[in-house]
$ cat query.cif   # mmCIF, C-alpha atoms and all ligand atoms
data_upload
#
loop_
_atom_site.group_PDB
_atom_site.id
_atom_site.type_symbol
_atom_site.label_atom_id
_atom_site.label_comp_id
_atom_site.auth_asym_id
_atom_site.auth_seq_id
_atom_site.Cartn_x
_atom_site.Cartn_y
_atom_site.Cartn_z
ATOM 1 C CA MET K 1 -17.972 -15.914 6.857
ATOM 2 C CA THR K 2 -17.557 -16.841 3.179
ATOM 3 C CA ASP K 3 -16.361 -13.495 1.802
ATOM 4 C CA PRO K 4 -12.782 -12.524 2.765
ATOM 5 C CA PHE K 5 -13.486 -8.841 2.021
ATOM 6 C CA ASP K 6 -16.276 -8.856 4.631
ATOM 7 C CA LEU K 7 -13.945 -10.434 7.168
ATOM 8 C CA PHE K 8 -11.268 -7.856 6.283
ATOM 9 C CA THR K 9 -13.803 -5.072 6.937
ATOM 10 C CA LEU K 10 -14.737 -6.540 10.317
ATOM 11 C CA TRP K 11 -11.109 -6.732 11.466
ATOM 12 C CA PHE K 12 -10.091 -3.399 9.931
ATOM 13 C CA LYS K 13 -12.950 -1.620 11.721
ATOM 14 C CA GLU K 14 -11.838 -3.129 15.015
ATOM 15 C CA ALA K 15 -8.208 -2.133 14.326
ATOM 16 C CA CYS K 16 -9.314 1.449 13.536
ATOM 17 C CA LEU K 17 -10.953 1.618 16.961
ATOM 18 C CA ARG K 18 -8.120 -0.008 18.883
ATOM 19 C CA GLU K 19 -4.811 0.673 17.142
ATOM 20 C CA GLU K 20 -2.903 3.661 18.557
ATOM 21 C CA SER K 21 -1.642 4.891 15.183
ATOM 22 C CA TYR K 22 -1.777 4.007 11.509
ATOM 23 C CA PRO K 23 -4.285 1.133 11.510
ATOM 24 C CA ASP K 24 -4.238 1.675 7.727
ATOM 25 C CA ALA K 25 -0.505 0.944 7.418
ATOM 26 C CA MET K 26 0.356 -2.184 5.477
ATOM 27 C CA CYS K 27 3.600 -3.780 4.422
ATOM 28 C CA VAL K 28 3.901 -4.199 0.648
ATOM 29 C CA SER K 29 6.418 -6.706 -0.620
ATOM 30 C CA THR K 30 7.566 -6.664 -4.218
ATOM 31 C CA VAL K 31 10.121 -8.732 -6.097
ATOM 32 C CA SER K 32 12.584 -7.270 -8.599
ATOM 33 C CA LYS K 33 13.240 -8.803 -11.993
ATOM 34 C CA GLU K 34 16.440 -10.261 -10.497
ATOM 35 C CA GLY K 35 14.281 -12.026 -7.875
ATOM 36 C CA GLN K 36 15.233 -9.755 -4.969
ATOM 37 C CA PRO K 37 12.282 -9.229 -2.578
ATOM 38 C CA SER K 38 11.855 -5.916 -0.752
ATOM 39 C CA SER K 39 9.237 -4.640 1.710
ATOM 40 C CA ARG K 40 8.028 -1.265 2.933
ATOM 41 C CA GLN K 41 5.050 0.236 4.721
ATOM 42 C CA VAL K 42 2.445 2.227 2.787
ATOM 43 C CA LEU K 43 -1.006 3.514 3.693
ATOM 44 C CA LEU K 44 -4.169 1.797 2.511
ATOM 45 C CA LYS K 45 -6.223 4.604 0.962
ATOM 46 C CA HIS K 46 -9.138 2.690 -0.472
ATOM 47 C CA TYR K 47 -10.430 -0.841 -0.733
ATOM 48 C CA SER K 48 -13.384 -2.630 -2.263
ATOM 49 C CA HIS K 49 -14.095 -6.044 -3.771
ATOM 50 C CA GLU K 50 -11.806 -4.927 -6.603
ATOM 51 C CA GLY K 51 -8.774 -4.698 -4.350
ATOM 52 C CA PHE K 52 -6.561 -2.683 -2.008
ATOM 53 C CA VAL K 53 -5.225 0.690 -3.145
ATOM 54 C CA PHE K 54 -2.149 2.692 -2.152
ATOM 55 C CA PHE K 55 -0.496 5.702 -3.780
ATOM 56 C CA THR K 56 3.150 6.283 -4.543
ATOM 57 C CA ASN K 57 5.780 7.372 -7.032
ATOM 58 C CA THR K 58 5.616 4.933 -9.935
ATOM 59 C CA GLN K 59 9.350 5.441 -10.641
ATOM 60 C CA SER K 60 10.270 4.336 -7.115
ATOM 61 C CA ARG K 61 11.890 1.008 -6.364
ATOM 62 C CA LYS K 62 8.493 -0.563 -5.665
ATOM 63 C CA GLY K 63 7.087 0.990 -8.866
ATOM 64 C CA LYS K 64 9.907 -0.488 -10.936
ATOM 65 C CA ASP K 65 9.525 -3.877 -9.276
ATOM 66 C CA ILE K 66 5.802 -3.909 -10.021
ATOM 67 C CA ALA K 67 6.399 -2.921 -13.661
ATOM 68 C CA ASP K 68 8.643 -5.985 -14.007
ATOM 69 C CA ASN K 69 6.647 -8.311 -11.793
ATOM 70 C CA PRO K 70 3.084 -7.492 -10.701
ATOM 71 C CA ASN K 71 2.984 -10.251 -8.068
ATOM 72 C CA VAL K 72 2.999 -8.642 -4.625
ATOM 73 C CA ALA K 73 2.144 -9.463 -1.027
ATOM 74 C CA LEU K 74 0.497 -7.260 1.601
ATOM 75 C CA ASN K 75 0.699 -7.679 5.343
ATOM 76 C CA PHE K 76 -1.359 -5.964 8.025
ATOM 77 C CA TYR K 77 -0.392 -6.530 11.654
ATOM 78 C CA TRP K 78 -2.412 -4.941 14.416
ATOM 79 C CA LYS K 79 -0.773 -5.425 17.821
ATOM 80 C CA SER K 80 -3.811 -4.073 19.685
ATOM 81 C CA ILE K 81 -6.055 -6.873 18.472
ATOM 82 C CA LYS K 82 -3.320 -9.485 18.000
ATOM 83 C CA ARG K 83 -4.258 -10.145 14.412
ATOM 84 C CA GLN K 84 -2.445 -10.358 11.111
ATOM 85 C CA ILE K 85 -3.832 -10.430 7.574
ATOM 86 C CA ARG K 86 -1.700 -11.623 4.675
ATOM 87 C CA ILE K 87 -2.804 -10.953 1.117
ATOM 88 C CA GLU K 88 -1.248 -12.147 -2.142
ATOM 89 C CA GLY K 89 -2.233 -10.862 -5.537
ATOM 90 C CA GLU K 90 -1.452 -8.766 -8.571
ATOM 91 C CA ALA K 91 -0.814 -5.024 -8.616
ATOM 92 C CA HIS K 92 -2.491 -2.921 -11.286
ATOM 93 C CA ARG K 93 -2.066 0.824 -11.879
ATOM 94 C CA VAL K 94 -5.255 2.671 -10.896
ATOM 95 C CA SER K 95 -6.993 4.942 -13.410
ATOM 96 C CA ASP K 96 -5.792 8.540 -13.809
ATOM 97 C CA ALA K 97 -9.269 9.607 -12.649
ATOM 98 C CA LEU K 98 -8.876 7.772 -9.305
ATOM 99 C CA ALA K 99 -5.300 9.042 -8.843
ATOM 100 C CA ASN K 100 -6.459 12.623 -9.530
ATOM 101 C CA GLU K 101 -9.400 12.241 -7.150
ATOM 102 C CA TYR K 102 -7.084 11.279 -4.297
ATOM 103 C CA PHE K 103 -4.269 13.689 -5.224
ATOM 104 C CA ILE K 104 -6.654 16.658 -4.952
ATOM 105 C CA THR K 105 -7.375 15.779 -1.299
ATOM 106 C CA ARG K 106 -3.684 15.971 -0.268
ATOM 107 C CA PRO K 107 -2.264 19.008 1.545
ATOM 108 C CA GLY K 108 -0.444 21.486 -0.731
ATOM 109 C CA GLU K 109 2.932 20.632 0.822
ATOM 110 C CA SER K 110 2.429 16.934 0.041
ATOM 111 C CA LYS K 111 1.474 17.772 -3.531
ATOM 112 C CA ILE K 112 4.674 19.806 -3.942
ATOM 113 C CA GLY K 113 6.602 16.965 -2.301
ATOM 114 C CA ALA K 114 5.269 14.562 -4.915
ATOM 115 C CA TRP K 115 6.776 16.786 -7.639
ATOM 116 C CA ALA K 116 10.039 17.423 -5.784
ATOM 117 C CA SER K 117 10.896 13.929 -4.564
ATOM 118 C CA LYS K 118 12.627 11.530 -6.923
ATOM 119 C CA GLN K 119 11.548 8.736 -4.607
ATOM 120 C CA SER K 120 14.133 5.948 -4.152
ATOM 121 C CA LYS K 121 16.892 7.774 -6.089
ATOM 122 C CA ILE K 122 20.128 8.779 -4.320
ATOM 123 C CA LEU K 123 19.790 12.173 -2.589
ATOM 124 C CA PRO K 124 23.226 13.839 -2.606
ATOM 125 C CA SER K 125 22.199 16.456 -0.031
ATOM 126 C CA ARG K 126 19.072 17.654 1.768
ATOM 127 C CA ASP K 127 19.694 21.031 0.113
ATOM 128 C CA GLU K 128 18.928 19.512 -3.244
ATOM 129 C CA LEU K 129 15.500 18.409 -2.032
ATOM 130 C CA ASP K 130 14.839 21.812 -0.427
ATOM 131 C CA GLN K 131 15.739 23.525 -3.694
ATOM 132 C CA ALA K 132 13.427 21.260 -5.659
ATOM 133 C CA ILE K 133 10.615 22.039 -3.198
ATOM 134 C CA SER K 134 11.210 25.797 -3.598
ATOM 135 C CA PHE K 135 11.325 25.406 -7.368
ATOM 136 C CA TYR K 136 7.979 23.610 -7.614
ATOM 137 C CA ALA K 137 6.346 25.840 -4.989
ATOM 138 C CA ALA K 138 7.251 28.820 -7.213
ATOM 139 C CA GLU K 139 6.091 26.992 -10.375
ATOM 140 C CA PHE K 140 2.667 26.363 -8.893
ATOM 141 C CA GLN K 141 2.381 29.603 -6.964
ATOM 142 C CA ASP K 142 -0.525 30.948 -8.996
ATOM 143 C CA GLU K 143 -2.122 27.789 -10.245
ATOM 144 C CA PRO K 144 -3.579 24.516 -8.934
ATOM 145 C CA ILE K 145 -0.972 21.864 -8.179
ATOM 146 C CA THR K 146 -1.645 19.120 -10.692
ATOM 147 C CA ARG K 147 -0.749 15.468 -10.160
ATOM 148 C CA PRO K 148 2.741 14.603 -11.429
ATOM 149 C CA PRO K 149 2.650 11.956 -14.191
ATOM 150 C CA HIS K 150 4.966 9.748 -12.080
ATOM 151 C CA TRP K 151 2.604 9.772 -9.088
ATOM 152 C CA SER K 152 -0.284 7.326 -9.055
ATOM 153 C CA GLY K 153 -1.761 4.364 -7.250
ATOM 154 C CA TYR K 154 -1.733 0.600 -7.395
ATOM 155 C CA CYS K 155 -4.688 -1.664 -6.741
ATOM 156 C CA ILE K 156 -3.736 -5.072 -5.395
ATOM 157 C CA VAL K 157 -6.233 -7.635 -6.657
ATOM 158 C CA PRO K 158 -6.138 -10.516 -4.169
ATOM 159 C CA LYS K 159 -6.047 -14.184 -4.986
ATOM 160 C CA LEU K 160 -5.242 -15.301 -1.446
ATOM 161 C CA PHE K 161 -6.006 -14.036 2.065
ATOM 162 C CA GLU K 162 -4.785 -15.470 5.355
ATOM 163 C CA PHE K 163 -6.452 -14.286 8.555
ATOM 164 C CA TRP K 164 -4.302 -14.998 11.611
ATOM 165 C CA THR K 165 -5.427 -14.665 15.212
ATOM 166 C CA GLU K 166 -3.064 -15.008 18.141
ATOM 167 C CA LEU K 167 -4.117 -17.778 20.531
ATOM 168 C CA PRO K 168 -2.458 -19.059 23.733
ATOM 169 C CA PHE K 169 0.615 -21.308 23.582
ATOM 170 C CA ARG K 170 1.226 -20.341 19.934
ATOM 171 C CA LEU K 171 -1.717 -22.476 18.824
ATOM 172 C CA HIS K 172 -2.895 -19.632 16.623
ATOM 173 C CA ASP K 173 -5.871 -19.708 14.291
ATOM 174 C CA ARG K 174 -5.064 -19.431 10.571
ATOM 175 C CA THR K 175 -7.879 -19.204 8.044
ATOM 176 C CA VAL K 176 -7.070 -19.049 4.343
ATOM 177 C CA PHE K 177 -9.314 -17.922 1.494
ATOM 178 C CA GLN K 178 -7.997 -18.916 -1.913
ATOM 179 C CA LYS K 179 -9.601 -17.891 -5.171
ATOM 180 C CA ASP K 180 -10.378 -20.438 -7.884
ATOM 181 C CA SER K 181 -12.805 -20.571 -10.808
ATOM 182 C CA ASP K 182 -15.702 -21.356 -8.419
ATOM 183 C CA GLY K 183 -14.990 -18.434 -6.094
ATOM 184 C CA TRP K 184 -13.296 -18.349 -2.692
ATOM 185 C CA GLN K 185 -12.289 -21.679 -1.144
ATOM 186 C CA THR K 186 -11.528 -21.610 2.551
ATOM 187 C CA PHE K 187 -9.433 -23.858 4.785
ATOM 188 C CA LYS K 188 -7.393 -23.754 7.967
ATOM 189 C CA LEU K 189 -3.633 -24.114 8.359
ATOM 190 C CA TYR K 190 -1.669 -25.595 11.224
ATOM 191 C CA PRO K 191 -0.265 -22.734 13.305
HETATM 192 C C1 LIG W 201 3.540 4.229 8.242
HETATM 193 C C2 LIG W 201 4.142 4.516 6.891
HETATM 194 C C3 LIG W 201 3.322 4.833 5.816
HETATM 195 C C4 LIG W 201 3.862 5.099 4.563
HETATM 196 N N1 LIG W 201 3.016 5.344 3.521
HETATM 197 C C5 LIG W 201 3.519 5.500 2.274
HETATM 198 C C6 LIG W 201 2.637 5.615 1.147
HETATM 199 O O1 LIG W 201 1.403 5.547 1.266
HETATM 200 N N2 LIG W 201 3.208 5.762 -0.072
HETATM 201 C C7 LIG W 201 4.564 5.812 -0.263
HETATM 202 O O2 LIG W 201 5.022 5.975 -1.391
HETATM 203 N N3 LIG W 201 5.423 5.676 0.782
HETATM 204 C C8 LIG W 201 4.936 5.521 2.045
HETATM 205 N N4 LIG W 201 5.781 5.355 3.107
HETATM 206 C C9 LIG W 201 7.251 5.333 2.828
HETATM 207 C C10 LIG W 201 7.633 3.941 2.320
HETATM 208 O O3 LIG W 201 7.726 3.022 3.387
HETATM 209 C C11 LIG W 201 8.954 3.934 1.539
HETATM 210 O O4 LIG W 201 9.992 4.530 2.297
HETATM 211 C C12 LIG W 201 8.850 4.675 0.192
HETATM 212 O O5 LIG W 201 7.613 4.445 -0.447
HETATM 213 C C13 LIG W 201 9.991 4.274 -0.747
HETATM 214 O O6 LIG W 201 9.948 2.890 -0.938
HETATM 215 P P1 LIG W 201 10.721 2.166 -2.169
HETATM 216 O O7 LIG W 201 12.052 2.857 -2.296
HETATM 217 O O8 LIG W 201 10.856 0.733 -1.760
HETATM 218 O O9 LIG W 201 9.866 2.333 -3.407
HETATM 219 C C14 LIG W 201 5.274 5.093 4.386
HETATM 220 C C15 LIG W 201 6.098 4.769 5.471
HETATM 221 C C16 LIG W 201 5.545 4.475 6.699
HETATM 222 C C17 LIG W 201 6.463 4.097 7.841
#
$ encode --input "query.cif" --output "structure tokens" --more "lines below"
Ligand SMILES: Cc1cc2nc3c(=O)[nH]c(=O)nc-3n(C[C@H](O)[C@H](O)[C@H](O)COP(=O)(O)O)c2cc1C
Amino acid sequence: MTDPFDLFTLWFKEACLREESYPDAMCVSTVSKEGQPSSRQVLLKHYSHEGFVFFTNTQSRKGKDIADNPNVALNFYWKSIKRQIRIEGEAHRVSDALANEYFITRPGESKIGAWASKQSKILPSRDELDQAISFYAAEFQDEPITRPPHWSGYCIVPKLFEFWTELPFRLHDRTVFQKDSDGWQTFKLYP
């Protein structure tokens, strides 16, 4: 296969059939302006040849990291099929239209949560969060819950993929696709 997105689709479909929960979970690693890496799971909500999209609070730790340094890494690991995909690329904010399109599909409680949660900031007490939820629930009682300006998505545009398959005796298969001006170059790595 010469197109890494096609190979991603093949593996992702298999993971969706076999993985017990969250086949769409991926680890996103960012690096702060001080050079401190940090990782967390998010859900893949959309992908195409343009890239891999997740949604979040843009004022969160990851959002701040990306604003300072758009270079990120993604990691999918599916135990059920013994495969890992690593992706490296640049994160770009998605359009407001795409963020709105996805936000509308979320349950009302999640929409209120997006307004109420100051993601990644210190939470002095759970009460404070509950109060914020009640506040925004009352604010939006009689009107559609719009998308908060600090809630959006990032599209990771890949420049490198590594497809890893577990093989006996740790002699795993590793296939890399690396983008250059001629397109995707592919090669294997020692396990
Ligand atoms: C399976 C799973 C899926 C998650 N999906 C998301 C998501 O799509 N967006 C999000 O903002 N946080 C998601 N989270 C929470 C993040 O891991 C993380 O706690 C949060 O985004 C704050 O991260 P930050 O402080 O590094 O910015 C998910 C957590 C798990 C375990």
$ resolve_selection --input "query.cif" --expression "the PyMOL selection byres (((chain K and resi 175) around 6) and not hetatm)" --output "list in words"
Glu162, Phe163, Arg174, Val176, Phe187 and Lys188 of chain K
$ residues_near_ligand --input "query.cif" --ligand "ligand LIG 201 (chain W)" --cutoff "8 Å" --atoms "all atoms listed in the file" --output "PDB file with C-alpha atoms, keeping the file's coordinate frame"
ATOM      1  CA  TYR K  22      -1.777   4.007  11.509  1.00  0.00           C
ATOM      2  CA  ALA K  25      -0.505   0.944   7.418  1.00  0.00           C
ATOM      3  CA  MET K  26       0.356  -2.184   5.477  1.00  0.00           C
ATOM      4  CA  SER K  38      11.855  -5.916  -0.752  1.00  0.00           C
ATOM      5  CA  SER K  39       9.237  -4.640   1.710  1.00  0.00           C
ATOM      6  CA  ARG K  40       8.028  -1.265   2.933  1.00  0.00           C
ATOM      7  CA  GLN K  41       5.050   0.236   4.721  1.00  0.00           C
ATOM      8  CA  VAL K  42       2.445   2.227   2.787  1.00  0.00           C
ATOM      9  CA  LEU K  43      -1.006   3.514   3.693  1.00  0.00           C
ATOM     10  CA  LEU K  44      -4.169   1.797   2.511  1.00  0.00           C
ATOM     11  CA  LYS K  45      -6.223   4.604   0.962  1.00  0.00           C
ATOM     12  CA  PHE K  54      -2.149   2.692  -2.152  1.00  0.00           C
ATOM     13  CA  PHE K  55      -0.496   5.702  -3.780  1.00  0.00           C
ATOM     14  CA  THR K  56       3.150   6.283  -4.543  1.00  0.00           C
ATOM     15  CA  ASN K  57       5.780   7.372  -7.032  1.00  0.00           C
ATOM     16  CA  GLN K  59       9.350   5.441 -10.641  1.00  0.00           C
ATOM     17  CA  SER K  60      10.270   4.336  -7.115  1.00  0.00           C
ATOM     18  CA  ARG K  61      11.890   1.008  -6.364  1.00  0.00           C
ATOM     19  CA  LYS K  62       8.493  -0.563  -5.665  1.00  0.00           C
ATOM     20  CA  GLY K  63       7.087   0.990  -8.866  1.00  0.00           C
ATOM     21  CA  GLN K 119      11.548   8.736  -4.607  1.00  0.00           C
ATOM     22  CA  SER K 120      14.133   5.948  -4.152  1.00  0.00           C
ATOM     23  CA  LYS K 121      16.892   7.774  -6.089  1.00  0.00           C
TER      24      LYS K 121
END
$ residues_around --input "query.cif" --residues "region 95-103 of chain K" --least-positions-apart "5" --cutoff "12 Å" --atoms "all atoms listed in the file" --output "list of chain:residue names"
K:Lys45, K:His46, K:Val53, K:Phe54, K:Phe55, K:Thr56, K:Asn57, K:Thr58, K:Gly108, K:Glu109, K:Ser110, K:Lys111, K:Ile112, K:Gly113, K:Ala114, K:Trp115, K:Pro144, K:Ile145, K:Thr146, K:Arg147, K:Pro148, K:Pro149, K:His150, K:Trp151, K:Ser152, K:Gly153, K:Tyr154, K:Cys155
$ atom_distance --input "query.cif" --atom1 "CA of Pro168 (chain K)" --atom2 "CA of Tyr77 (chain K)"
17.5 Å
$ closest_residue --input "query.cif" --among "K:Lys159, K:Arg170, K:Lys33, K:His49" --to "Ala91 (chain K)" --atoms "all atoms listed in the file"
K:Lys159
$ resolve_selection --input "query.cif" --expression "the PyMOL selection byres (((chain K and resi 85) around 7) and not hetatm)" --output "PyMOL selection string"
chain K and resi 75-77+83-84+86-87+161-164
$ residues_around --input "query.cif" --residues "Glu19 (chain K)" --least-positions-apart "4" --cutoff "12 Å" --atoms "all atoms listed in the file" --output "list of chain:residue names"
K:Trp11, K:Phe12, K:Lys13, K:Glu14, K:Ala15, K:Pro23, K:Asp24, K:Ala25, K:Phe76, K:Tyr77, K:Trp78, K:Lys79, K:Ser80, K:Ile81, K:Lys82, K:Arg83
$ closest_residue --input "query.cif" --among "K:Glu88, K:Cys16, K:Thr9, K:Glu50" --to "Val28 (chain K)" --atoms "all atoms listed in the file"
K:Glu88
$ axis_aligned_box --input "query.cif" --around "region 118-131 of chain K" --padding-each-side "8 Å" --output "lines of an AutoDock Vina configuration file"
center_x = 17.4
center_y = 14.7
center_z = -2.6
size_x = 27.7
size_y = 33.6
size_z = 24.7
$ atom_distance --input "query.cif" --atom1 "CA of Leu7 (chain K)" --atom2 "CA of Leu167 (chain K)"
18.1 Å
$ atom_distance --input "query.cif" --atom1 "CA of Asn71 (chain K)" --atom2 "CA of Ser117 (chain K)"
25.7 Å
$ residues_near_point --input "query.cif" --point "(10.9, -8.7, -7.2)" --cutoff "9 Å" --atoms "only C-alpha atoms" --output "PyMOL selection string"
chain K and resi 29-38+62+65-66+68-72
$ resolve_selection --input "query.cif" --expression "the PyMOL selection byres (((chain K and resi 2) around 12) and not hetatm)" --output "short mmCIF file (atom, residue, chain, number, x, y, z; two decimals) with C-alpha atoms, keeping the file's coordinate frame"
data_model
loop_
_atom_site.label_atom_id
_atom_site.label_comp_id
_atom_site.auth_asym_id
_atom_site.auth_seq_id
_atom_site.Cartn_x
_atom_site.Cartn_y
_atom_site.Cartn_z
CA MET K 1 -17.97 -15.91 6.86
CA ASP K 3 -16.36 -13.50 1.80
CA PRO K 4 -12.78 -12.52 2.76
CA PHE K 5 -13.49 -8.84 2.02
CA ASP K 6 -16.28 -8.86 4.63
CA LEU K 7 -13.94 -10.43 7.17
CA PHE K 8 -11.27 -7.86 6.28
CA PHE K 161 -6.01 -14.04 2.06
CA THR K 175 -7.88 -19.20 8.04
CA VAL K 176 -7.07 -19.05 4.34
CA PHE K 177 -9.31 -17.92 1.49
CA GLN K 178 -8.00 -18.92 -1.91
CA LYS K 179 -9.60 -17.89 -5.17
CA GLY K 183 -14.99 -18.43 -6.09
CA TRP K 184 -13.30 -18.35 -2.69
CA GLN K 185 -12.29 -21.68 -1.14
CA THR K 186 -11.53 -21.61 2.55
CA PHE K 187 -9.43 -23.86 4.78
#
$ build_atoms --input "query.cif" --residues "region 59-84 of chain K" --atoms "N, CA and C atoms" --output "JSON list (two decimals), keeping the file's coordinate frame"
[["chain", "number", "residue", "atom", "x", "y", "z"],
["K", 59, "GLN", "N", 7.95, 5.67, -10.25],
["K", 59, "GLN", "CA", 9.35, 5.44, -10.64],
["K", 59, "GLN", "C", 10.20, 5.02, -9.45],
["K", 60, "SER", "N", 9.56, 4.78, -8.32],
["K", 60, "SER", "CA", 10.27, 4.34, -7.12],
["K", 60, "SER", "C", 10.72, 2.88, -7.29],
["K", 61, "ARG", "N", 11.44, 2.42, -6.30],
["K", 61, "ARG", "CA", 11.89, 1.01, -6.36],
["K", 61, "ARG", "C", 10.68, 0.07, -6.48],
["K", 62, "LYS", "N", 9.67, 0.32, -5.63],
["K", 62, "LYS", "CA", 8.49, -0.56, -5.66],
["K", 62, "LYS", "C", 7.79, -0.47, -7.01],
["K", 63, "GLY", "N", 7.74, 0.78, -7.57],
["K", 63, "GLY", "CA", 7.09, 0.99, -8.87],
["K", 63, "GLY", "C", 7.80, 0.22, -9.97],
["K", 64, "LYS", "N", 9.13, 0.24, -9.92],
["K", 64, "LYS", "CA", 9.91, -0.49, -10.94],
["K", 64, "LYS", "C", 9.71, -1.99, -10.78],
["K", 65, "ASP", "N", 9.74, -2.44, -9.52],
["K", 65, "ASP", "CA", 9.52, -3.88, -9.28],
["K", 65, "ASP", "C", 8.19, -4.32, -9.87],
["K", 66, "ILE", "N", 7.15, -3.52, -9.58],
["K", 66, "ILE", "CA", 5.80, -3.91, -10.02],
["K", 66, "ILE", "C", 5.71, -3.92, -11.55],
["K", 67, "ALA", "N", 6.42, -2.96, -12.18],
["K", 67, "ALA", "CA", 6.40, -2.92, -13.66],
["K", 67, "ALA", "C", 6.99, -4.21, -14.23],
["K", 68, "ASP", "N", 8.00, -4.75, -13.53],
["K", 68, "ASP", "CA", 8.64, -5.98, -14.01],
["K", 68, "ASP", "C", 7.91, -7.24, -13.55],
["K", 69, "ASN", "N", 7.27, -7.13, -12.40],
["K", 69, "ASN", "CA", 6.65, -8.31, -11.79],
["K", 69, "ASN", "C", 5.47, -7.85, -10.93],
["K", 70, "PRO", "N", 4.25, -8.03, -11.42],
["K", 70, "PRO", "CA", 3.08, -7.49, -10.70],
["K", 70, "PRO", "C", 2.69, -8.31, -9.46],
["K", 71, "ASN", "N", 3.36, -9.44, -9.23],
["K", 71, "ASN", "CA", 2.98, -10.25, -8.07],
["K", 71, "ASN", "C", 3.51, -9.60, -6.79],
["K", 72, "VAL", "N", 2.60, -9.31, -5.87],
["K", 72, "VAL", "CA", 3.00, -8.64, -4.62],
["K", 72, "VAL", "C", 2.29, -9.31, -3.44],
["K", 73, "ALA", "N", 2.79, -9.00, -2.25],
["K", 73, "ALA", "CA", 2.14, -9.46, -1.03],
["K", 73, "ALA", "C", 1.93, -8.27, -0.10],
["K", 74, "LEU", "N", 0.80, -8.28, 0.59],
["K", 74, "LEU", "CA", 0.50, -7.26, 1.60],
["K", 74, "LEU", "C", 0.47, -7.92, 2.96],
["K", 75, "ASN", "N", 0.79, -7.15, 3.99],
["K", 75, "ASN", "CA", 0.70, -7.68, 5.34],
["K", 75, "ASN", "C", 0.22, -6.58, 6.29],
["K", 76, "PHE", "N", -0.88, -6.85, 6.96],
["K", 76, "PHE", "CA", -1.36, -5.96, 8.02],
["K", 76, "PHE", "C", -1.09, -6.67, 9.35],
["K", 77, "TYR", "N", -0.51, -5.96, 10.30],
["K", 77, "TYR", "CA", -0.39, -6.53, 11.65],
["K", 77, "TYR", "C", -0.86, -5.49, 12.65],
["K", 78, "TRP", "N", -1.86, -5.86, 13.42],
["K", 78, "TRP", "CA", -2.41, -4.94, 14.42],
["K", 78, "TRP", "C", -2.15, -5.53, 15.80],
["K", 79, "LYS", "N", -1.16, -4.92, 16.50],
["K", 79, "LYS", "CA", -0.77, -5.42, 17.82],
["K", 79, "LYS", "C", -1.94, -5.38, 18.79],
["K", 80, "SER", "N", -2.74, -4.29, 18.69],
["K", 80, "SER", "CA", -3.81, -4.07, 19.68],
["K", 80, "SER", "C", -4.84, -5.19, 19.67],
["K", 81, "ILE", "N", -5.04, -5.81, 18.53],
["K", 81, "ILE", "CA", -6.06, -6.87, 18.47],
["K", 81, "ILE", "C", -5.41, -8.24, 18.18],
["K", 82, "LYS", "N", -4.07, -8.23, 18.16],
["K", 82, "LYS", "CA", -3.32, -9.48, 18.00],
["K", 82, "LYS", "C", -3.73, -10.26, 16.75],
["K", 83, "ARG", "N", -3.84, -9.50, 15.66],
["K", 83, "ARG", "CA", -4.26, -10.14, 14.41],
["K", 83, "ARG", "C", -3.38, -9.71, 13.25],
["K", 84, "GLN", "N", -3.23, -10.62, 12.33],
["K", 84, "GLN", "CA", -2.44, -10.36, 11.11],
["K", 84, "GLN", "C", -3.28, -10.78, 9.90]]
